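*Asks:* Take this structure, written in structure tokens, and hold onto it; I'll ask about it next.
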Amino acid sequence: MKKLIAKDLLSIGAVFFRPDEPFTWASGIKSPVYCDNRLTLTDVKVRGDVENALAENVKKYYPQCEVLMGTSTAGIAHAAITGHILGMPMGYVRGSNKDHGRQNRIEGKLLPGQKVVVVEDLISTGGSVIDVVRALREAGAEVLGVVSIFTYGMKKGLERLAEENVKNISLTDFDTIAAVAAEEGYIKHEDIERLIAFRDNPSDESWIGGAK
């Protein structure tokens, strides 16, 4: 499944590698990879692969799940489609409380004690998804864990998830996509080492230009 999803994401440019002309993140960090998993929604085949795989992971790893909660905004559609496949209720968690109406942060019906799985599209440093988990726990939910499409496997993200006791199951990961990208000719095989160097220490730019 990891290789299938990796091929899917690469084929539609949802994960795009450019090690020789790195992108600049909002934080200022130079990155050899660009991720936009929202593109999976506009490709029917890839969307089917992704949503069915998310549903399978929920059934396999979180069989007690009662409600799916998407992250705002990227996880909402995936939670809705996966919930439809599983015949399961869903909702989503806003980045902050609304400033009008009932001032909800959690949208959709959620009862105290319900077992919840969070649906996320991408995990890098883990800050956003942990914020969602905390909001759900504060509302009385039992968060079983997270399902996501792609994870970088960055040290900071792994440590944060472990500290918060949050389990994450991703459809594919950085190492798999880098390997498949080399196999499929999107990047050179010798670029893999540079990509892994970035993943292991994003603030160290020595990988740029091929430096080892």
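Identifiers in this document derive from the order of the structure tokens: chains are assigned A, B, ..., residues are numbered from 1 separately in each chain, and ligands are numbered from 1 in order of occurrence.
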Sort by chain and increasing residue number a table of all residues of stretch 64-101 of chain A within 12 Å of stretch 36-39 of chain A, each with its closest pair of atoms and their distance in Å to one decimal, counting only C-alpha atoms, and write it as CSV.
*Replies:*
residue,atom,partner,partner_atom,distance
A:Thr73,CA,A:Arg38,CA,9.8
A:Ala74,CA,A:Arg38,CA,6.6
A:Gly75,CA,A:Arg38,CA,8.9
A:Ile76,CA,A:Arg38,CA,10.5
A:Ala77,CA,A:Arg38,CA,9.0
A:His78,CA,A:Arg38,CA,9.3
*Asks:* Between stretch 17-81 of chain A and stretch 201-211 of chain A, at 12 Å or less, what are the per-residue closest atom pairs and their distances in Å? Count only C-alpha atoms, order by chain and rising residue number, and return it as a tab-separated table.
*Replies:*
residue	atom	partner	partner_atom	distance
A:Arg18	CA	A:Ile208	CA	10.5
A:Pro19	CA	A:Ile208	CA	7.1
A:Asp20	CA	A:Gly209	CA	6.2
A:Glu21	CA	A:Ile208	CA	8.4
A:Pro22	CA	A:Ile208	CA	7.8
A:Phe23	CA	A:Ile208	CA	11.1
A:Thr24	CA	A:Pro202	CA	11.4
A:Trp25	CA	A:Pro202	CA	10.7
A:Ser27	CA	A:Ser203	CA	10.2
A:Gly28	CA	A:Ser203	CA	9.3
A:Ile29	CA	A:Ser203	CA	6.3
A:Lys30	CA	A:Glu205	CA	7.2
A:Ser31	CA	A:Pro202	CA	7.5
A:Pro32	CA	A:Ile208	CA	8.4
A:Val33	CA	A:Pro202	CA	11.3
*Asks:* Next, the residues of the selection above should be written as a compact mmCIF listing (two decimals), in the first residue's frame with C-alpha atoms.
*Replies:*
# COMPACT_ATOMS: atom_id res chain seq x y z
CA ARG A 18 12.85 19.46 -6.48
CA PRO A 19 16.19 18.91 -4.71
CA ASP A 20 18.16 21.18 -7.04
CA GLU A 21 15.73 24.11 -6.75
CA PRO A 22 14.33 23.87 -3.21
CA PHE A 23 11.07 25.44 -2.13
CA THR A 24 10.97 27.86 0.80
CA TRP A 25 8.53 27.11 3.61
CA SER A 27 9.24 29.26 8.34
CA GLY A 28 12.10 30.11 5.97
CA ILE A 29 13.37 26.52 5.81
CA LYS A 30 14.51 25.39 2.38
CA SER A 31 12.77 22.17 1.36
CA PRO A 32 13.35 19.78 -1.56
CA VAL A 33 9.74 18.62 -1.42
*Asks:* Write out as JSON, numbers by chain all residues of stretch 53-198 of chain A that DSSP puts in strand (DSSP E or B) for this structure's backbone.
*Replies:* {"A": [67, 68, 69, 70, 71, 90, 91, 92, 93, 106, 107, 115, 116, 117, 118, 119, 120, 121, 122, 123, 142, 143, 144, 145, 146, 147, 148, 149, 150, 151, 168, 169, 170, 171, 172, 173]}
*Asks:* Looking at only C-alpha atoms, which of A:Asn52, A:Gly87, A:Leu10, A:Ala135 is the one that sits closest to A:Gly185?
*Replies:* A:Leu10
*Asks:* Report as a ChimeraX atom specification: the residues of stretch 1-211 of chain A with a DSSP assignment of alpha helix (DSSP H), based on the backbone of this structure.
*Replies:* /A:2-11,44-61,74-86,127-138,155-163,174-183,191-200
*Asks:* Sorted by chain and rising residue number, which residues of stretch 17-64 of chain A lie within 8 Å of stretch 107-125 of chain A, and what are their closest atom pairs and distances in Å to one decimal, counting only C-alpha atoms, as a Markdown table?
*Replies:*
| residue | atom | partner | partner_atom | distance |
| --- | --- | --- | --- | --- |
| A:Asn37 | CA | A:Asp121 | CA | 6.3 |
| A:Val58 | CA | A:Val117 | CA | 7.7 |
| A:Tyr62 | CA | A:Val117 | CA | 7.6 |
| A:Gln64 | CA | A:Lys115 | CA | 6.9 |
*Asks:* The selected residues should be written to file as an mmCIF file, in the first residue's frame (atoms: C-alpha atoms).
*Replies:*
data_model
loop_
_atom_site.group_PDB
_atom_site.id
_atom_site.type_symbol
_atom_site.label_atom_id
_atom_site.label_comp_id
_atom_site.auth_asym_id
_atom_site.auth_seq_id
_atom_site.Cartn_x
_atom_site.Cartn_y
_atom_site.Cartn_z
ATOM 1 C CA ASN A 37 -2.549 16.315 -0.866
ATOM 2 C CA VAL A 58 -9.340 2.711 10.449
ATOM 3 C CA TYR A 62 -8.820 1.337 15.282
ATOM 4 C CA GLN A 64 -13.373 0.488 18.187
#
*Asks:* Quick one: residues within 12 Å of A:Asp175, only C-alpha atoms counted, chain neighbours fewer than 4 positions away excluded, as a ChimeraX atom specification?
*Replies:* /A:2-3,6,150-154,179-182,191-200
*Asks:* Do you know which residues are at most 9 Å from A:Leu136 counting only C-alpha atoms, after dropping those on the same chain fewer than 4 positions away, and could you put them as number ranges by chain?
*Replies:* A: 69, 93, 106, 110, 116, 131-132, 140-143
*Asks:* Write the residues of the preceding selection, restricted to N, CA, C and O atoms, as a PDB file, in the first residue's frame.
*Replies:*
ATOM      1  N   MET A  69     -12.968  12.461  12.940  1.00  0.00           N
ATOM      2  CA  MET A  69     -12.877  13.908  13.027  1.00  0.00           C
ATOM      3  C   MET A  69     -11.748  14.404  12.121  1.00  0.00           C
ATOM      4  O   MET A  69     -10.582  14.046  12.324  1.00  0.00           O
ATOM      5  N   VAL A  93     -12.595  19.613  13.293  1.00  0.00           N
ATOM      6  CA  VAL A  93     -12.138  20.517  14.339  1.00  0.00           C
ATOM      7  C   VAL A  93     -11.542  21.757  13.694  1.00  0.00           C
ATOM      8  O   VAL A  93     -10.608  21.651  12.879  1.00  0.00           O
ATOM      9  N   ILE A 106     -15.427  22.449  17.603  1.00  0.00           N
ATOM     10  CA  ILE A 106     -15.688  21.106  17.069  1.00  0.00           C
ATOM     11  C   ILE A 106     -17.046  21.120  16.380  1.00  0.00           C
ATOM     12  O   ILE A 106     -18.061  21.430  16.994  1.00  0.00           O
ATOM     13  N   LEU A 110     -20.572  15.242  18.863  1.00  0.00           N
ATOM     14  CA  LEU A 110     -19.557  14.485  19.574  1.00  0.00           C
ATOM     15  C   LEU A 110     -19.971  14.369  21.032  1.00  0.00           C
ATOM     16  O   LEU A 110     -20.146  15.378  21.717  1.00  0.00           O
ATOM     17  N   VAL A 116     -12.736   8.310  19.084  1.00  0.00           N
ATOM     18  CA  VAL A 116     -12.529   9.125  17.883  1.00  0.00           C
ATOM     19  C   VAL A 116     -11.201   8.802  17.209  1.00  0.00           C
ATOM     20  O   VAL A 116     -10.203   8.537  17.879  1.00  0.00           O
ATOM     21  N   ASP A 131      -2.717  19.677  18.219  1.00  0.00           N
ATOM     22  CA  ASP A 131      -3.654  20.698  18.670  1.00  0.00           C
ATOM     23  C   ASP A 131      -5.095  20.202  18.552  1.00  0.00           C
ATOM     24  O   ASP A 131      -5.926  20.421  19.427  1.00  0.00           O
ATOM     25  N   VAL A 132      -5.388  19.497  17.472  1.00  0.00           N
ATOM     26  CA  VAL A 132      -6.718  18.921  17.257  1.00  0.00           C
ATOM     27  C   VAL A 132      -7.009  17.843  18.297  1.00  0.00           C
ATOM     28  O   VAL A 132      -8.099  17.779  18.877  1.00  0.00           O
ATOM     29  N   GLY A 140     -13.881  15.766  25.970  1.00  0.00           N
ATOM     30  CA  GLY A 140     -14.292  14.505  26.573  1.00  0.00           C
ATOM     31  C   GLY A 140     -14.185  13.291  25.686  1.00  0.00           C
ATOM     32  O   GLY A 140     -14.574  12.188  26.088  1.00  0.00           O
ATOM     33  N   ALA A 141     -13.670  13.458  24.470  1.00  0.00           N
ATOM     34  CA  ALA A 141     -13.539  12.320  23.559  1.00  0.00           C
ATOM     35  C   ALA A 141     -12.357  11.445  23.953  1.00  0.00           C
ATOM     36  O   ALA A 141     -11.382  11.916  24.545  1.00  0.00           O
ATOM     37  N   GLU A 142     -12.455  10.181  23.609  1.00  0.00           N
ATOM     38  CA  GLU A 142     -11.314   9.270  23.737  1.00  0.00           C
ATOM     39  C   GLU A 142     -10.672   9.152  22.360  1.00  0.00           C
ATOM     40  O   GLU A 142     -11.226   8.508  21.465  1.00  0.00           O
ATOM     41  N   VAL A 143      -9.536   9.805  22.184  1.00  0.00           N
ATOM     42  CA  VAL A 143      -8.872   9.801  20.879  1.00  0.00           C
ATOM     43  C   VAL A 143      -8.026   8.536  20.751  1.00  0.00           C
ATOM     44  O   VAL A 143      -7.026   8.371  21.449  1.00  0.00           O
TER      45      VAL A 143
END
*Asks:* Give the answer as one residue: which of A:Leu41, A:Met88, A:Leu144, A:Ile177 has the shortest atom-to-atom distance to A:Tyr61, using only C-alpha atoms?
*Replies:*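 For A:Tyr61, the nearest of the given residues is A:Leu144.
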*Asks:* If you measure from atom CA of A:Gly126 to atom CA of A:Val166, what distance in Å do you get, rounded to one decimal?
*Replies:*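 Separation of atom CA of A:Gly126 and atom CA of A:Val166: 10.0 Å.
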*Asks:* Give me, as a list in words, all polymer residues having an atom no more than 8 Å from stretch 44-50 of chain A, counting only C-alpha atoms and skipping those fewer than 6 positions away in the same chain.
*Replies:* Ile5, Asp8, Leu9, Ile149 and Leu171 of chain A
*Asks:* Keeping only all heavy atoms, take the residues you just selected and write them out as a compact mmCIF listing (two decimals), in the first residue's frame.
*Replies:*
# COMPACT_ATOMS: atom_id res chain seq x y z
N ILE A 5 0.33 4.15 -2.88
CA ILE A 5 -0.04 5.52 -2.57
C ILE A 5 1.08 6.47 -2.97
O ILE A 5 0.83 7.58 -3.47
CB ILE A 5 -0.38 5.68 -1.08
CG1 ILE A 5 -1.58 4.78 -0.71
CG2 ILE A 5 -0.69 7.13 -0.74
CD1 ILE A 5 -2.87 5.08 -1.46
N ASP A 8 0.80 7.03 -6.59
CA ASP A 8 -0.36 7.89 -6.84
C ASP A 8 -0.03 9.35 -6.59
O ASP A 8 -0.31 10.23 -7.42
CB ASP A 8 -1.53 7.49 -5.93
CG ASP A 8 -2.30 6.29 -6.43
OD1 ASP A 8 -2.10 5.88 -7.60
OD2 ASP A 8 -3.13 5.75 -5.67
N LEU A 9 0.56 9.65 -5.44
CA LEU A 9 0.86 11.04 -5.07
C LEU A 9 1.86 11.66 -6.02
O LEU A 9 1.73 12.83 -6.40
CB LEU A 9 1.38 11.09 -3.63
CG LEU A 9 0.43 10.61 -2.53
CD1 LEU A 9 1.07 10.79 -1.16
CD2 LEU A 9 -0.91 11.34 -2.58
N ILE A 149 -2.48 10.65 5.33
CA ILE A 149 -2.08 10.21 4.00
C ILE A 149 -0.57 10.08 3.91
O ILE A 149 -0.04 9.10 3.41
CB ILE A 149 -2.60 11.19 2.93
CG1 ILE A 149 -4.13 11.23 2.94
CG2 ILE A 149 -2.11 10.77 1.54
CD1 ILE A 149 -4.73 12.31 2.05
N LEU A 171 -0.59 6.37 5.30
CA LEU A 171 -0.67 5.52 4.12
C LEU A 171 0.70 5.34 3.48
O LEU A 171 1.00 4.27 2.94
CB LEU A 171 -1.64 6.11 3.09
CG LEU A 171 -3.08 6.33 3.55
CD1 LEU A 171 -3.94 6.77 2.37
CD2 LEU A 171 -3.66 5.07 4.18
*Asks:* Quick one: pull the distance between atom CA of A:Val133 and atom CA of A:Ser148, Å, one decimal.
*Replies:*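 Between atom CA of A:Val133 and atom CA of A:Ser148 the gap works out to 13.5 Å.
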*Asks:* Just give me the gap between atom CA of A:Asp173 and atom CA of A:Thr40 in Å, one decimal is fine.
*Replies:*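 So the two atoms, atom CA of A:Asp173 and atom CA of A:Thr40, lie 15.7 Å apart.
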*Asks:* Can you tell me which residues surround A:Ile130 at a distance of at most 9 Å, considering only C-alpha atoms, apart from same-chain residues fewer than 6 positions away, and format the answer as a PyMOL selection string?
*Replies:* chain A and resi 160-161+164+166
